[in-house]
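> Handing you this structure, nothing more for now.
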Amino acid sequence: MARILLAAAHKSSGKTVVTTGLAAALGSKDQQVQCFKKGPDYIDPMWLSAASRRPCYNLDFNAMADNELLELFCSRSAGAQISLIEANKGLYDGVELDGCDSNAQLAKLLKLPVILVIDTVGMTRGIAPLLLGYREFDRDINLAGVILNNVGGARHEGKLRAAVEAYSDIPVVGSVWRTSTLTIGERHLGLITPGESAGLKAVIAGFSEVIESSVDIDRVAKIAQTAPPLKPAKNNTVPARANGLRIGIARDAAFGFYYPDDLEYFTEVGVELVPINMLEEGQLPDIDGLFIGGGFPETHLEALANNQPMLTSVKTAIESGLPTYAECGGLMYLCKSLEWNGLSRNLAGVIPADVTMCAKPQGRGYTVFSPTPNHPWCTQGQSIPGHEFHYARLDNLPADISYGCTVARGAGIDGSHDGIVAYNLLAGFFHLRNTAANPWIERFVDFVQACKCDGLSHSSPAS
């Protein structure tokens with residue numbers, strides 16, 4: 001199983017663009033490429049998925065046990081000639097001081113050779129002690145190569161290569177000169193999504209062309225082939241079946257933050273996921289439950305607000321008892337109004353609050369919460385991990401609003417609570433990952449099934 005970790009010394013070093021271009025370049029050589037992203041991220045995996053033409057999966061110590069990481073990596077790498085894992089921030093970065101959740105720890109667990117993508121702006125001879133320090137900090141890491149990124153030209157490249165070759169035995173496997181071709185626009189939540197990039201195929205083809213001409217693709221592939229075999233423990237758990245359940249899922253330009261393995265698990269347990277375009281469709285289809293994930297409702301505010309028939313359909317269905325789970329952007333969509341960049345529009349109005357987009361993050365990072373007695377499908381006494389990243393805050397919430405979660409770590413809605421509960425709705429800023437420690441999908445599906453037995457599914461007027 002050929003595999004490699006693309007890491008860096010710090011964030012914003014160009015890892016995503018380089019990995020995307022590398023995936024596309026390898027794919028153009030008729031290789032099946034499987035991509036992974038370390039940590040909780042939605043946007044970078046979209047680019048990697050677009051380049052590899054396969055779902056990109058997240059590997060996250062915060063949500064997953066080691067055996068789950070191994071099993072997911074091996075099962076999703078099956079059939080691929082090479083797997084590329086993009087790190088999060090720097091090689092040794094993580095939440096814990098001992099590095100137990102770092103990119104380096106992932107490299108050890110999955111026995112990954114590491115190639116460092118180094119942003120060389122303002123750097124010449126100084127690259128040598130940087131690389132030596134990264135090697136000596138943990139000798140168990142197989143630092144197998146370096147890609148020089150954002151190189152200023154031939155003279156700059158010559159100085160960098162001379163320093164690396166004079167002071168280390170780490171091979172330079174690529175030198176990517178600074179170019180506007182390798183640019184992905186950014187905004188408040190990070191990179192823009194592939195769906196918002198005009199001429200996506202041409203953009204990725206441009207990435208591929210630059211990387212193929214700048215990086216020794218064959219040498220990278222050979223380094224990946226040096227990775228030793230992995231033997232994960234097989235997961236023999238057979239999930240309970242929920243045949244016949246139809247759960248609607250918001251899938252459009254405004255809502256797209258979903259983990260592919262979570263969506264696959266819905267199918268494994270027998271649920272039919274029904275995609276819904278909240279921007280264009282006029283009403284909810286016949287469904288037993290609804291899942292509105294995160295995304296960018298603020299950048300599609302006019303279109304969402306102008307689709308009054310869908311807003312009315314959602315509000316009516318939820319207030320009639322349709323079991324619904326909404327994460328972050330989904331929470332925002334269900335509020336009374338949303339204000340961003342001076343534009344304010346009314347939305348679904350299920351939740352009696354107004355959303356204000358702020359200049360700085362209102363919640364960012366890993367979260368931990370405990371369910372309250374109000375939580376519709378979790379029991380008390382559990383400690384559930386998640387993550388949040390939002391610039392939104394909720395204003396004008398009634399004092400007697402019902403919360404499903406008490407926050408032990410993170411910002412949530414008010415610093416102490418998250419997960420508004422109303423009717424059969426749970427809506428919060430947190431994002432969940434389905435794991436053995438937090439089987440939220442099974443719990444939500446069981447809740448949907450129970451509501452269906454009580455006659456609380458949604459049928460469209462046409463039916």
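Numbering starts fresh at 1 for the residues of each chain in the structure tokens, the chains themselves are lettered A, B, ... in the order given, and ligands are numbered from 1 as they appear.
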Please extract the residues of range 243-332 of chain A with a backbone DSSP assignment of helix (DSSP H, G or I) and present them as a PyMOL selection string.
chain A and resi 260-268+297-306+308-319+329-332
> Looking at only C-alpha atoms, which of A:Ser313, A:Asn424, A:Ser175, A:Ser208 is the one that sits closest to Phe447 in chain A?
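Ranking A:Ser313, A:Asn424, A:Ser175, A:Ser208 by distance to Phe447 in chain A, first place goes to A:Asn424.
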> Ranking A:Gln31, A:Tyr333, A:His10, A:Gly419 by minimum distance to Asn103 in chain A and counting only C-alpha atoms, which one comes first?
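Under the stated criterion, the closest residue is A:His10.
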> Find the spatial neighbours of Tyr259 in chain A, counting only C-alpha atoms, within a cut-off of 8 Å - ignore same-chain residues fewer than 6 positions away - and output them as an NGL selection string.
:A and (42 or 57-58 or 433)
> Let me make sure I understand: among A:Leu456, A:Ala242, A:Leu84, A:Leu334, which one has the smallest atom-to-atom distance to Glu268 in chain A if we use only C-alpha atoms?
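Residue with the minimum atom-to-atom distance to Glu268 in chain A: A:Ala242.
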> Taking into account only C-alpha atoms, which residue in the set A:Lys89, A:Lys315, A:Arg246, A:Arg139 is nearest to Ile287 in chain A?
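Checking each of A:Lys89, A:Lys315, A:Arg246, A:Arg139 against Ile287 in chain A, counting only C-alpha atoms, the winner is A:Arg246.
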> From the set A:Leu311, A:Cys328, A:Ala23, A:Ile441, which residue has the shortest atom-to-atom contact distance to Arg241 in chain A, counting only C-alpha atoms?
A:Ile441
> Hey, which of A:Gly133, A:Gly381, A:Gly342, A:Pro323 ends up closest to Glu298 in chain A? Count only C-alpha atoms.
A:Gly342
> Quick check, in Å to one decimal: how far apart do CA of Tyr167 in chain A and CA of Lys15 in chain A lie?
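Computing it gives 24.2 Å between the two atoms.
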> Extract the full set of strand (DSSP E or B) residues from range 234-435 of chain A according to DSSP on the backbone, and format it as a PyMOL selection string.
chain A and resi 246-250+255-257+272-276+287+289-292+294-295+324-327+335-340+343-346+351-357+363-371+384-390+392-395+403-409+417-422+425-428+431
> In Å, with one decimal, what is the gap from CA of Ala240 in chain A to CA of Asp446 in chain A?
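About the pair CA of Ala240 in chain A and CA of Asp446 in chain A: they are 9.7 Å apart.
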> What does the distance from CA of Ile85 in chain A to CA of Thr183 in chain A come to in Å, to one decimal?
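Answer for the CA of Ile85 in chain A to CA of Thr183 in chain A separation: 20.1 Å.
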